[in-house]
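> Here you go, this is final.txt (compact mmCIF, C-alpha atoms and all ligand atoms).
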# COMPACT_ATOMS: atom_id res chain seq x y z
CA MET V 1 38.31 31.86 50.97
CA THR V 2 35.85 30.22 53.36
CA PRO V 3 33.17 27.77 52.28
CA ASP V 4 30.61 30.55 52.78
CA ASP V 5 32.57 32.80 50.45
CA ILE V 6 32.50 30.08 47.81
CA GLN V 7 28.76 29.51 48.23
CA SER V 8 27.98 33.17 47.75
CA LEU V 9 30.38 33.31 44.80
CA ILE V 10 28.42 30.45 43.18
CA ALA V 11 25.19 32.33 43.76
CA GLU V 12 26.57 35.56 42.35
CA ALA V 13 28.09 33.87 39.29
CA SER V 14 24.96 31.82 38.57
CA GLN V 15 22.89 34.97 38.64
CA GLU V 16 25.24 36.74 36.25
CA ILE V 17 25.38 33.81 33.83
CA ALA V 18 21.62 33.27 33.85
CA THR V 19 20.98 36.89 32.95
CA ALA V 20 23.69 37.32 30.29
CA ALA V 21 21.83 39.08 27.48
CA THR V 22 24.02 38.06 24.53
CA PRO V 23 26.35 35.22 23.63
CA ALA V 24 29.27 37.67 24.04
CA ALA V 25 28.13 38.67 27.55
CA LEU V 26 27.75 35.01 28.40
CA GLU V 27 31.25 34.22 27.20
CA ALA V 28 32.64 37.16 29.24
CA ALA V 29 30.89 35.84 32.35
CA ARG V 30 32.22 32.34 31.70
CA VAL V 31 35.79 33.64 31.40
CA LYS V 32 35.33 35.83 34.49
CA TYR V 33 34.47 32.82 36.66
CA LEU V 34 35.78 29.71 34.98
CA GLY V 35 38.59 31.07 32.79
CA ARG V 36 42.31 30.59 33.35
CA ASN V 37 42.49 33.83 35.35
CA GLY V 38 38.94 33.55 36.60
CA ARG V 39 37.60 33.48 40.12
CA VAL V 40 37.94 29.71 40.14
CA GLN V 41 41.65 30.29 40.65
CA ASP V 42 40.96 31.96 44.03
CA ILE V 43 39.19 28.84 45.15
CA LEU V 44 41.94 26.56 43.91
CA LEU V 45 44.50 28.71 45.70
CA ALA V 46 42.51 28.58 48.94
CA LEU V 47 42.27 24.84 48.51
CA ARG V 48 46.01 24.49 48.08
CA GLU V 49 46.76 26.57 51.20
CA ALA V 50 44.07 25.09 53.44
CA PRO V 51 45.06 22.95 56.41
CA PRO V 52 44.60 19.23 55.71
CA ASP V 53 41.38 18.92 57.75
CA ARG V 54 39.68 21.57 55.61
CA LYS V 55 40.85 20.32 52.24
CA ARG V 56 38.03 17.83 51.84
CA ASP V 57 35.26 20.39 52.27
CA LEU V 58 36.93 22.95 50.08
CA GLY V 59 37.67 20.38 47.39
CA ARG V 60 34.04 19.41 47.24
CA LEU V 61 33.00 23.04 46.96
CA ALA V 62 35.57 23.69 44.23
CA ASN V 63 34.06 20.90 42.17
CA GLU V 64 30.58 22.13 42.85
CA PHE V 65 31.61 25.56 41.70
CA LYS V 66 32.90 24.24 38.38
CA THR V 67 30.06 21.89 37.55
CA ALA V 68 27.30 24.26 38.67
CA LEU V 69 28.66 27.14 36.65
CA GLN V 70 29.42 25.06 33.56
CA ALA V 71 25.85 23.74 33.63
CA ALA V 72 24.53 27.28 34.01
CA VAL V 73 26.64 28.41 31.02
CA ASP V 74 25.37 25.51 28.86
CA ALA V 75 21.76 26.16 29.78
CA ARG V 76 22.05 29.87 29.06
CA ARG V 77 23.78 29.20 25.73
CA GLU V 78 20.91 26.97 24.65
CA ALA V 79 18.31 29.48 25.77
CA LEU V 80 20.02 32.26 23.82
CA ALA V 81 20.25 30.07 20.69
CA ALA V 82 16.58 29.15 20.90
CA ALA V 83 15.61 32.78 21.32
CA ALA V 84 17.71 33.67 18.27
CA ALA V 85 16.02 30.96 16.21
CA ILE V 86 12.59 32.26 17.13
CA ALA V 87 13.64 35.80 16.32
CA THR V 88 14.65 34.80 12.77
CA PHE V 89 11.60 32.57 12.17
CA ASP V 90 9.07 34.13 9.85
CA VAL V 91 5.75 33.30 11.43
CA THR V 92 3.89 34.69 8.42
CA GLN V 93 5.41 32.08 6.11
CA PRO V 94 2.86 29.61 4.68
CA GLY V 95 3.15 26.19 6.28
CA ARG V 96 4.50 23.16 4.49
CA TRP V 97 1.83 20.54 3.70
CA PRO V 98 2.78 17.11 4.96
CA ALA V 99 2.70 14.61 2.09
CA VAL V 100 -0.36 12.47 2.69
CA GLY V 101 -0.20 8.98 1.25
CA SER V 102 -3.02 7.52 -0.82
CA ARG V 103 -3.96 4.04 -1.90
CA HIS V 104 -2.74 2.84 -5.27
CA PRO V 105 -5.47 2.93 -7.95
CA VAL V 106 -5.25 -0.87 -8.36
CA THR V 107 -5.72 -1.30 -4.61
CA GLN V 108 -8.62 1.14 -4.66
CA ILE V 109 -10.48 -0.86 -7.32
CA ILE V 110 -9.79 -4.16 -5.55
CA GLU V 111 -11.11 -2.72 -2.29
CA ARG V 112 -14.23 -1.42 -4.04
CA ALA V 113 -14.82 -4.82 -5.64
CA ILE V 114 -14.44 -6.56 -2.27
CA GLU V 115 -16.88 -4.08 -0.75
CA ILE V 116 -19.52 -4.34 -3.50
CA PHE V 117 -19.42 -8.12 -3.87
CA GLY V 118 -19.34 -8.30 -0.08
CA GLN V 119 -22.80 -6.71 -0.14
CA LEU V 120 -23.90 -9.66 -2.28
CA GLY V 121 -22.51 -12.19 0.19
CA PHE V 122 -19.15 -12.90 -1.46
CA VAL V 123 -16.14 -13.53 0.76
CA VAL V 124 -12.52 -13.07 -0.23
CA ALA V 125 -10.45 -16.12 -1.17
CA ASP V 126 -6.77 -16.36 -1.91
CA GLY V 127 -4.33 -18.58 -3.79
CA PRO V 128 -0.63 -18.68 -4.60
CA ASP V 129 0.98 -16.76 -7.45
CA ILE V 130 3.10 -19.81 -8.24
CA GLU V 131 0.70 -22.48 -9.41
CA THR V 132 0.73 -26.03 -10.66
CA PRO V 133 -0.37 -26.70 -14.25
CA PHE V 134 -3.13 -28.77 -12.67
CA HIS V 135 -4.73 -25.80 -10.93
CA ASN V 136 -4.02 -23.26 -13.65
CA PHE V 137 -4.99 -25.46 -16.64
CA ASP V 138 -5.96 -29.15 -16.21
CA ALA V 139 -8.62 -28.77 -13.56
CA LEU V 140 -9.95 -25.82 -15.53
CA ASN V 141 -10.65 -28.18 -18.43
CA THR V 142 -7.89 -26.69 -20.55
CA PRO V 143 -6.70 -29.25 -23.10
CA SER V 144 -3.02 -30.14 -23.25
CA HIS V 145 -2.59 -28.53 -26.65
CA HIS V 146 -4.24 -25.25 -25.64
CA PRO V 147 -2.15 -22.26 -26.81
CA SER V 148 -2.30 -20.54 -23.41
CA ARG V 149 -0.02 -23.30 -22.06
CA ASP V 150 2.74 -22.40 -24.48
CA PRO V 151 5.96 -21.16 -22.82
CA LYS V 152 5.73 -18.28 -25.25
CA ASP V 153 2.68 -17.11 -23.28
CA THR V 154 3.21 -18.51 -19.80
CA PHE V 155 6.14 -18.18 -17.41
CA TYR V 156 7.31 -21.63 -16.28
CA LEU V 157 9.62 -22.41 -13.40
CA ASP V 158 12.30 -25.09 -13.76
CA ASP V 159 10.29 -27.50 -11.60
CA GLY V 160 7.33 -27.38 -13.99
CA ARG V 161 5.24 -25.02 -11.92
CA LEU V 162 4.22 -21.69 -13.41
CA LEU V 163 3.21 -18.12 -12.59
CA ARG V 164 -0.56 -18.21 -12.72
CA THR V 165 -1.94 -16.70 -15.91
CA HIS V 166 -5.29 -15.83 -14.33
CA THR V 167 -7.00 -15.94 -10.94
CA SER V 168 -9.20 -18.86 -12.04
CA PRO V 169 -7.01 -21.48 -10.25
CA VAL V 170 -8.35 -20.00 -7.00
CA GLN V 171 -11.74 -21.41 -8.06
CA ILE V 172 -10.17 -24.88 -8.02
CA ARG V 173 -8.45 -24.42 -4.67
CA VAL V 174 -11.61 -23.13 -3.02
CA MET V 175 -13.84 -25.92 -4.38
CA GLN V 176 -11.26 -28.56 -3.43
CA SER V 177 -11.22 -27.25 0.11
CA ARG V 178 -14.93 -27.11 0.89
CA PRO V 179 -18.30 -28.44 -0.19
CA PRO V 180 -20.83 -26.26 -2.04
CA PRO V 181 -22.29 -23.70 -1.83
CA VAL V 182 -19.43 -21.24 -2.41
CA ARG V 183 -19.55 -17.56 -3.13
CA ILE V 184 -16.06 -16.07 -3.32
CA ILE V 185 -14.09 -13.37 -5.03
CA ALA V 186 -10.34 -13.67 -5.41
CA PRO V 187 -8.28 -10.60 -6.22
CA GLY V 188 -4.64 -11.07 -7.12
CA ARG V 189 -1.69 -10.84 -9.45
CA CYS V 190 -1.48 -12.64 -12.78
CA TYR V 191 1.42 -13.13 -15.15
CA ARG V 192 1.62 -13.50 -18.90
CA ARG V 193 4.45 -13.25 -21.35
CA ASP V 194 2.98 -10.16 -22.95
CA THR V 195 5.06 -7.46 -24.54
CA THR V 196 4.54 -4.31 -22.52
CA ASP V 197 2.66 -1.49 -24.21
CA ALA V 198 0.02 1.07 -23.26
CA THR V 199 -2.57 -1.59 -22.48
CA HIS V 200 -0.50 -4.71 -21.72
CA SER V 201 1.73 -5.67 -18.85
CA ALA V 202 3.39 -9.01 -18.10
CA ASN V 203 2.14 -8.61 -14.54
CA PHE V 204 -1.40 -7.43 -13.93
CA HIS V 205 -4.31 -8.01 -11.56
CA GLN V 206 -7.64 -9.76 -11.82
CA VAL V 207 -10.58 -10.26 -9.53
CA GLU V 208 -12.11 -13.69 -9.91
CA GLY V 209 -15.68 -14.41 -8.89
CA LEU V 210 -17.27 -17.81 -8.30
CA TYR V 211 -20.78 -18.65 -7.18
CA VAL V 212 -21.81 -22.29 -6.90
CA ASP V 213 -25.11 -23.54 -5.50
CA ARG V 214 -28.22 -25.36 -6.61
CA ARG V 215 -29.78 -23.71 -9.66
CA VAL V 216 -27.37 -20.81 -10.14
CA SER V 217 -28.11 -19.40 -13.57
CA MET V 218 -26.85 -17.03 -16.20
CA ALA V 219 -29.49 -14.58 -14.92
CA ASP V 220 -27.72 -14.54 -11.54
CA LEU V 221 -24.47 -13.79 -13.32
CA LYS V 222 -25.97 -10.94 -15.27
CA GLY V 223 -27.81 -9.54 -12.28
CA ASP V 224 -24.78 -9.63 -9.99
CA LEU V 225 -22.45 -8.11 -12.57
CA THR V 226 -25.02 -5.40 -13.25
CA TYR V 227 -25.21 -4.62 -9.55
CA PHE V 228 -21.43 -4.42 -9.41
CA ALA V 229 -21.24 -2.18 -12.50
CA ARG V 230 -23.85 0.21 -11.13
CA GLN V 231 -22.27 0.46 -7.71
CA LEU V 232 -18.90 1.09 -9.28
CA MET V 233 -19.68 3.33 -12.23
CA GLY V 234 -23.14 4.81 -11.69
CA PRO V 235 -26.84 3.88 -11.56
CA ASP V 236 -27.46 3.99 -15.32
CA VAL V 237 -24.72 1.62 -16.43
CA LYS V 238 -25.96 -1.29 -18.54
CA ILE V 239 -24.26 -4.58 -19.17
CA ARG V 240 -24.12 -6.77 -22.26
CA PHE V 241 -22.89 -10.30 -22.92
CA ARG V 242 -21.20 -11.38 -26.13
CA PRO V 243 -20.72 -15.08 -26.90
CA HIS V 244 -17.17 -16.25 -26.33
CA PHE V 245 -15.20 -19.35 -25.43
CA PHE V 246 -13.32 -20.36 -22.32
CA PRO V 247 -12.38 -23.99 -21.60
CA PHE V 248 -13.70 -23.75 -18.03
CA THR V 249 -17.13 -22.21 -18.66
CA GLU V 250 -20.01 -23.28 -20.88
CA PRO V 251 -21.62 -21.21 -22.15
CA SER V 252 -18.98 -18.48 -22.00
CA VAL V 253 -19.32 -14.77 -22.56
CA GLU V 254 -17.30 -11.65 -22.70
CA TYR V 255 -19.11 -8.84 -20.96
CA ASP V 256 -19.12 -5.11 -21.54
CA PHE V 257 -20.33 -2.18 -19.42
CA SER V 258 -22.06 0.69 -21.18
CA CYS V 259 -19.74 3.67 -21.28
CA HIS V 260 -20.09 5.66 -18.05
CA VAL V 261 -18.66 8.77 -19.72
CA CYS V 262 -21.04 9.21 -22.68
CA GLY V 263 -23.84 6.96 -21.43
CA GLY V 264 -23.50 4.78 -24.52
CA LYS V 265 -23.67 7.44 -27.21
CA GLY V 266 -20.03 6.97 -28.16
CA CYS V 267 -16.97 8.95 -27.09
CA ARG V 268 -13.20 8.68 -26.91
CA VAL V 269 -13.18 6.59 -23.76
CA CYS V 270 -15.30 3.83 -25.35
CA LYS V 271 -13.69 4.29 -28.74
CA HIS V 272 -17.09 5.42 -30.11
CA SER V 273 -18.71 2.04 -29.51
CA GLY V 274 -20.76 3.01 -26.45
CA TRP V 275 -19.41 -0.10 -24.64
CA ILE V 276 -16.39 -0.89 -22.54
CA GLU V 277 -15.04 -4.43 -22.61
CA ILE V 278 -14.43 -5.69 -19.10
CA SER V 279 -13.59 -9.40 -19.18
CA GLY V 280 -14.84 -12.98 -19.45
CA ALA V 281 -17.42 -15.00 -17.58
CA GLY V 282 -19.73 -17.97 -17.95
CA MET V 283 -21.36 -20.98 -16.36
CA VAL V 284 -18.88 -23.33 -14.69
CA ASP V 285 -18.19 -26.27 -17.02
CA PRO V 286 -19.30 -29.65 -15.61
CA ASN V 287 -15.77 -30.95 -16.19
CA VAL V 288 -14.46 -28.38 -13.72
CA PHE V 289 -16.93 -29.61 -11.10
CA ARG V 290 -15.81 -33.18 -11.76
CA ALA V 291 -12.15 -32.20 -11.35
CA VAL V 292 -12.83 -30.88 -7.83
CA GLY V 293 -15.25 -33.61 -6.80
CA TYR V 294 -18.47 -31.59 -7.06
CA ASP V 295 -21.46 -33.31 -8.64
CA PRO V 296 -22.57 -31.41 -11.77
CA ALA V 297 -26.00 -33.00 -11.45
CA GLU V 298 -26.38 -31.37 -8.04
CA VAL V 299 -24.93 -27.90 -8.48
CA THR V 300 -24.43 -25.23 -11.09
CA GLY V 301 -22.34 -22.10 -10.88
CA TYR V 302 -21.11 -19.04 -12.59
CA ALA V 303 -17.61 -17.60 -12.72
CA PHE V 304 -16.18 -14.35 -13.93
CA GLY V 305 -12.85 -12.61 -14.12
CA MET V 306 -12.14 -8.94 -14.44
CA GLY V 307 -8.99 -7.05 -15.28
CA ILE V 308 -8.36 -4.57 -12.50
CA GLU V 309 -5.93 -2.31 -14.35
CA ARG V 310 -8.41 -2.00 -17.17
CA ILE V 311 -11.20 -0.91 -14.82
CA ALA V 312 -8.86 1.49 -13.00
CA MET V 313 -7.76 3.06 -16.27
CA ILE V 314 -11.31 3.55 -17.50
CA LEU V 315 -12.72 4.78 -14.24
CA LEU V 316 -9.85 7.10 -13.36
CA GLY V 317 -8.95 8.22 -16.89
CA ILE V 318 -5.47 6.70 -16.94
CA PRO V 319 -4.20 6.54 -20.53
CA ASP V 320 -1.28 4.13 -20.16
CA ILE V 321 -1.09 0.98 -18.01
CA ARG V 322 2.62 1.57 -17.37
CA MET V 323 1.77 4.63 -15.29
CA LEU V 324 0.33 2.23 -12.72
CA TYR V 325 3.72 0.61 -12.11
CA GLU V 326 6.16 3.49 -12.25
CA ASN V 327 5.41 4.76 -8.74
CA ASP V 328 5.81 8.35 -9.82
CA VAL V 329 4.36 10.32 -6.91
CA ARG V 330 3.15 13.06 -9.28
CA PHE V 331 0.89 10.40 -10.79
CA LEU V 332 -0.06 8.60 -7.59
CA GLN V 333 -0.92 11.85 -5.79
CA GLN V 334 -3.82 12.39 -8.17
CA PHE V 335 -5.86 9.53 -6.75
N1 LIG Q 401 -9.77 -16.50 -16.59
C1 LIG Q 401 -10.31 -15.79 -17.74
C2 LIG Q 401 -9.23 -14.86 -18.32
O1 LIG Q 401 -8.23 -14.68 -17.70
C3 LIG Q 401 -11.50 -14.96 -17.36
C4 LIG Q 401 -12.64 -15.80 -16.91
C5 LIG Q 401 -12.82 -16.07 -15.57
C6 LIG Q 401 -13.54 -16.31 -17.80
C7 LIG Q 401 -13.88 -16.84 -15.14
C8 LIG Q 401 -14.59 -17.09 -17.42
C9 LIG Q 401 -14.76 -17.34 -16.07
O2 LIG Q 401 -9.38 -14.33 -19.38
Turn this file's structure into structure tokens for me.


Amino acid sequence: MTPDDIQSLIAEASQEIATAATPAALEAARVKYLGRNGRVQDILLALREAPPDRKRDLGRLANEFKTALQAAVDARREALAAAAAIATFDVTQPGRWPAVGSRHPVTQIIERAIEIFGQLGFVVADGPDIETPFHNFDALNTPSHHPSRDPKDTFYLDDGRLLRTHTSPVQIRVMQSRPPPVRIIAPGRCYRRDTTDATHSANFHQVEGLYVDRRVSMADLKGDLTYFARQLMGPDVKIRFRPHFFPFTEPSVEYDFSCHVCGGKGCRVCKHSGWIEISGAGMVDPNVFRAVGYDPAEVTGYAFGMGIERIAMILLGIPDIRMLYENDVRFLQQF
């Protein structure tokens, strides 16, 4: 065989392989050219019998023959497989919906709160989950015998620090770090030694609010909370204060939103009271200002906390707080 013979054999074989209509035809073509008794043997024979000065050229062509044809076989095999896959693919089948993620209900409420209070000029502040008793209790005017300090209620670390029981210590950290005025909200995790049930969790979230300036009043507190409630739950929502006690505010209130479901007439969501309890608030106690070096004769302020899970449950109709932590996609997909 001459080099020209080999070249035209490559061309012929490539053509045959590239047009093989079935896997069986392709395999027959492969055997015909590359098999043990295939045409490749003619080339190898010619190579063996060639005079030494021709061996180099022929050897190169023999290799070219093998690699070119093997590549052609592989390519054709793939093309045939792809064609077969398309032939068996049912183009009328309904598509599969990609699973689209969504934000967790707790995150959704926190983001709404940041947005709404942002419209009132509040900026987000942050503090650590592991707190000192000073920030969590002392600076917040909480007496040493106060029951909330009890290890039965609060998680303590061996070094005396604790898992914050509310977001109120962020008030202290913010006021320690800058002079008045301040207008912050602080969303975050809180921890209490509560037995888990449908409405309690040892780990939950609050959003803290703090507004300190000259002549901040209870009317500001009520107005701002009303604005928040209406943005969040609807334009007709009303707000009411009930007297309460917190060590760090004086006077202190608990505040309720009128039920957004029945409009205050009474229904299952509000347990027939017409009102939904949200959380605590009040005017910052002068002792708190003293603890952070603010002058209570110069400034006044209000503070509030709100339980995020509670708001999420009411707003989204979630009956059990534990559903918020189980990460069951069938639940999470609904929001
Ligand atoms: N920290 C209080 C609580 O966890 C709520 C609160 C915050 C009350 C700010 C008054 C002012 O219950």

> Would you give me, as CSV, each residue of chain V having an atom within 7 Å of an atom of ligand LIG 401 (chain Q), along with its shortest atom pair and that distance in Å to one decimal, using only C-alpha atoms and all ligand atoms and sorting by chain and residue number?


residue,atom,partner,partner_atom,distance
V:Thr165,CA,Q:LIG401,O1,6.8
V:His166,CA,Q:LIG401,O1,4.6
V:Thr167,CA,Q:LIG401,N1,6.3
V:Ser168,CA,Q:LIG401,N1,5.2
V:Glu208,CA,Q:LIG401,C5,6.2
V:Gly209,CA,Q:LIG401,C7,6.9
V:Phe246,CA,Q:LIG401,C8,6.0
V:Phe248,CA,Q:LIG401,C8,6.7
V:Thr249,CA,Q:LIG401,C8,5.8
V:Ser252,CA,Q:LIG401,C8,6.5
V:Ser279,CA,Q:LIG401,C3,6.2
V:Gly280,CA,Q:LIG401,C6,3.9
V:Ala281,CA,Q:LIG401,C8,3.5
V:Gly282,CA,Q:LIG401,C8,5.2
V:Ala303,CA,Q:LIG401,C9,4.4
V:Phe304,CA,Q:LIG401,C7,3.6
V:Gly305,CA,Q:LIG401,C5,3.8
V:Met306,CA,Q:LIG401,C3,6.7

> I'd like the contact shell of Val212 (chain V) - 10 Å cut-off, only C-alpha atoms, skipping same-chain residues fewer than 6 positions apart - returned as an MDAnalysis selection string.

chainID V and resid 175 179:184 283:284 289 294 299:303

> Excluding Pro128 (chain V) and any residue of its chain fewer than 6 positions from it, enumerate the residues within 12 Å of it, using all atoms listed in the file, and give them as an mmCIF file with C-alpha atoms, in the coordinates of the input.


data_model
loop_
_atom_site.group_PDB
_atom_site.id
_atom_site.type_symbol
_atom_site.label_atom_id
_atom_site.label_comp_id
_atom_site.auth_asym_id
_atom_site.auth_seq_id
_atom_site.Cartn_x
_atom_site.Cartn_y
_atom_site.Cartn_z
ATOM 1 C CA HIS V 135 -4.730 -25.800 -10.930
ATOM 2 C CA ASN V 136 -4.020 -23.260 -13.650
ATOM 3 C CA ARG V 161 5.240 -25.020 -11.920
ATOM 4 C CA LEU V 162 4.220 -21.690 -13.410
ATOM 5 C CA LEU V 163 3.210 -18.120 -12.590
ATOM 6 C CA ARG V 164 -0.560 -18.210 -12.720
ATOM 7 C CA THR V 165 -1.940 -16.700 -15.910
ATOM 8 C CA HIS V 166 -5.290 -15.830 -14.330
ATOM 9 C CA THR V 167 -7.000 -15.940 -10.940
ATOM 10 C CA SER V 168 -9.200 -18.860 -12.040
ATOM 11 C CA PRO V 169 -7.010 -21.480 -10.250
ATOM 12 C CA VAL V 170 -8.350 -20.000 -7.000
ATOM 13 C CA GLN V 171 -11.740 -21.410 -8.060
ATOM 14 C CA ILE V 172 -10.170 -24.880 -8.020
ATOM 15 C CA ARG V 173 -8.450 -24.420 -4.670
ATOM 16 C CA VAL V 174 -11.610 -23.130 -3.020
ATOM 17 C CA ALA V 186 -10.340 -13.670 -5.410
ATOM 18 C CA PRO V 187 -8.280 -10.600 -6.220
ATOM 19 C CA GLY V 188 -4.640 -11.070 -7.120
ATOM 20 C CA ARG V 189 -1.690 -10.840 -9.450
ATOM 21 C CA CYS V 190 -1.480 -12.640 -12.780
#

> May I have the residues within 12 Å of region 82-97 of chain V as a list in words, using all atoms listed in the file and disregarding those fewer than 5 positions away in the same chain?

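In the requested form, the answer reads Ala21, Thr22, Pro23, Ala75, Arg76 and Arg77 of chain V.
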
> Using all atoms listed in the file, which residue out of V:Gln176, V:Asp129, V:Ala20, V:Gly121 lies closest to Ala291 (chain V)?

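That would be V:Gln176, the residue with the smallest distance to Ala291 (chain V).
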
> Ranking V:Val288, V:Ala28, V:Ala125, V:Val253 by minimum distance to Ser177 (chain V) and counting only C-alpha atoms, which one comes first?

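Among V:Val288, V:Ala28, V:Ala125, V:Val253, it is V:Ala125 that comes nearest to Ser177 (chain V).
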
> In Å, how far is it from CA of Lys32 (chain V) to CA of Ala81 (chain V)?

21.2 Å

> Find the residue from V:Leu140, V:Leu232, V:Leu324, V:Ile318 that sits nearest to Ile109 (chain V); use only C-alpha atoms when measuring.

V:Leu232

> So how far away is CA of Gln206 (chain V) from CA of Ile110 (chain V), in Å?

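A separation of 8.7 Å between them.
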
> So the first atom is CA of Leu316 (chain V) and the second is CA of Arg103 (chain V); what is the distance between them in Å, to one decimal place?

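One can read the CA of Leu316 (chain V) to CA of Arg103 (chain V) distance as 13.2 Å.
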